[in-house]
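Data first, discussion second: the structure below is written as C-alpha cells.
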Amino acid sequence: MAEVWAAISAFFAEYQVLFRILVILVAAVLLNWILRVILDRSVKRFVQGVKRAQAVDSTQELTAGPHLNARAVQRTRTLGTVGRHIISWTIVVIALILILGELGVNLTAILASAGILAAGLAFGAQNIVKDILNGIFMVFEDQLGVGDLITVGQVTGTVEDVGIRITKVRAADGTLWFVRNGEILTLGNASQGWGRAIIDITVPANSDLALVERTALECGEELLRLPEYASRVTGQPEVLGLESVFGDRATLRLTVRTRPQAQYAVQRELRALIKKHFEERGIELAAELPKQPGGSL
C-alpha cells in the first residue's frame, strides 16, 4: 500500500505543473459559468419583476402597454449581453497569465512589455480599438438596446446582440447583419420615446376634401376604440391638411402619435379602416402613378 501511495505521489510530483494548469482551466470555466448564470438570473429577475408589476406576459406587451418603462428592460438586457462578453474575456486573460506563470514564463517582462504591445496594437489595430470604444459608448449612452428597431446605413432591423466589437441586427426578411460598432456613424432608433403613424391619402383633386378629412379622422377615432390598438396610441388622430397636389391628384396626410415601435401596426390597421370606410361612402382613391421629377406642390 505504501508503494502505491509513493507511486501516486511521484506521479503528481512529476506532472504537478500540468495538474495545476488543468486546475486553472477548470476553475476558469466554472467561474465563467457561475458569473454568467448570476448575471443572466439578475437580468431575468429584473425583467420578470417589471412584467409582473404591469401584469403582462411578453416583451411585446411591455413595449405596447400603457405606463411602462420598457426602455429599462431593453437597457438591462443590453448591459447583460455586454457583461457576458466582459466576463468571458476577463477570465480568459487572467487564466492565460496564470498558465504562463506555471510554465515558468517571466510575467514581469510580459507586464512590462504590455505597454509597448498596447501602443503597437493601438497604432496597428486602430479599427478594432475604434469598434470597442464606440460599442462601449453606444451602450452607456443608451443609443440602442437588445430588441430595439434601428436603422444603420442601409440596414433596418431588430438588435439581437450588442457585442464588444460587433452589433447583430436581424432584418425583416430574416437576414442577420453583422455591423462593426466603429462604422456606426448615424443610427436611427424607432424604439425610444414615441413613434408616429403616417398615412398619405391620395384622392382625385375634384373630390370633396372636407369629406375625405372627416372620414380619415373618423377612421383614426375608430382605431382608438379597438382594445388591441388603444394601448398603442398616445395621441389623437390629426389630419395635417393638403400635403401635395400633382395634376388631378391631391394628397392629405393623417398622423397618429404612438408608443415606440407600434407605429407600423397602427399604420396597417389604419389603412384597412380607411379602405373600408372610403368604399362605404363612395370616396375614390386615386390610382398610383410613377414618380416624376418636379410638378408637385
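Following the order of the C-alpha cells, chains are lettered A, B, ..., residues in each are numbered from 1, and ligands are numbered from 1.
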
Problem - Residue neighbourhood range 145-153 of chain A, 8 Å, only C-alpha atoms, exclusion window fewer than 6 positions, as a PyMOL selection string - result: chain A and resi 74-75+77-78+139+159-162+184+186-191+261

Problem - Backbone DSSP call of strand (DSSP E or B) for range 166-248 of chain A, listed as number ranges by chain - result: A: 166-171, 176-180, 187-189, 195-204, 233, 238-246

Practice task
Mind checking which residues fall within 10 Å of Glu222 in chain A, counting only C-alpha atoms, ignoring those fewer than 5 positions away in the same chain, and posting them as an NGL selection string?
Solution key: :A and (216-217 or 229-230 or 270 or 273)

Saved selection, atoms kept: N, CA and C atoms, as an mmCIF file, in the first residue's frame:
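Output contents, as saved in result-v7.cif:
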data_model
loop_
_atom_site.group_PDB
_atom_site.id
_atom_site.type_symbol
_atom_site.label_atom_id
_atom_site.label_comp_id
_atom_site.auth_asym_id
_atom_site.auth_seq_id
_atom_site.Cartn_x
_atom_site.Cartn_y
_atom_site.Cartn_z
ATOM 1 N N ALA A 216 -61.305 60.359 -42.685
ATOM 2 C CA ALA A 216 -59.994 59.909 -42.203
ATOM 3 C C ALA A 216 -59.905 60.047 -40.681
ATOM 4 N N LEU A 217 -60.413 61.154 -40.151
ATOM 5 C CA LEU A 217 -60.391 61.352 -38.701
ATOM 6 C C LEU A 217 -61.284 60.328 -38.000
ATOM 7 N N TYR A 229 -55.523 48.126 -30.039
ATOM 8 C CA TYR A 229 -54.748 49.259 -30.551
ATOM 9 C C TYR A 229 -54.800 50.476 -29.644
ATOM 10 N N ALA A 230 -55.809 50.563 -28.799
ATOM 11 C CA ALA A 230 -55.940 51.741 -27.932
ATOM 12 C C ALA A 230 -54.722 51.924 -27.039
ATOM 13 N N LEU A 270 -54.869 51.257 -39.780
ATOM 14 C CA LEU A 270 -55.474 52.482 -40.306
ATOM 15 C C LEU A 270 -55.754 52.357 -41.800
ATOM 16 N N LEU A 273 -58.913 50.346 -42.236
ATOM 17 C CA LEU A 273 -60.104 51.116 -41.879
ATOM 18 C C LEU A 273 -60.421 52.168 -42.936
#

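Near Ile136 in chain A, within a cut-off of 9 Å and counting only C-alpha atoms, sit the residues Val82, Asp131, Glu141, Ile164 and Arg165 of chain A, with same-chain residues fewer than 5 positions away left out.
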
Exercise for the section: To one decimal in Å, tell me the separation between CA of Glu284 in chain A and CA of Ala262 in chain A. Expected result: 28.4 Å

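Across the model, the gap from CA of Ile198 in chain A to CA of Tyr264 in chain A is 9.1 Å.
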
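Those residues that approach Val266 in chain A to within 9 Å, counting only C-alpha atoms, are Ala197, Leu223, Tyr229, Arg232, Val233, Val256 and Thr258 of chain A; same-chain residues fewer than 6 positions away are not listed.
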
Completion exercise
The residue from A:Thr158, A:Leu185, A:Leu240, A:Arg253 with the smallest atom-to-atom distance to Asp173 in chain A, counting only C-alpha atoms, is A:Thr158
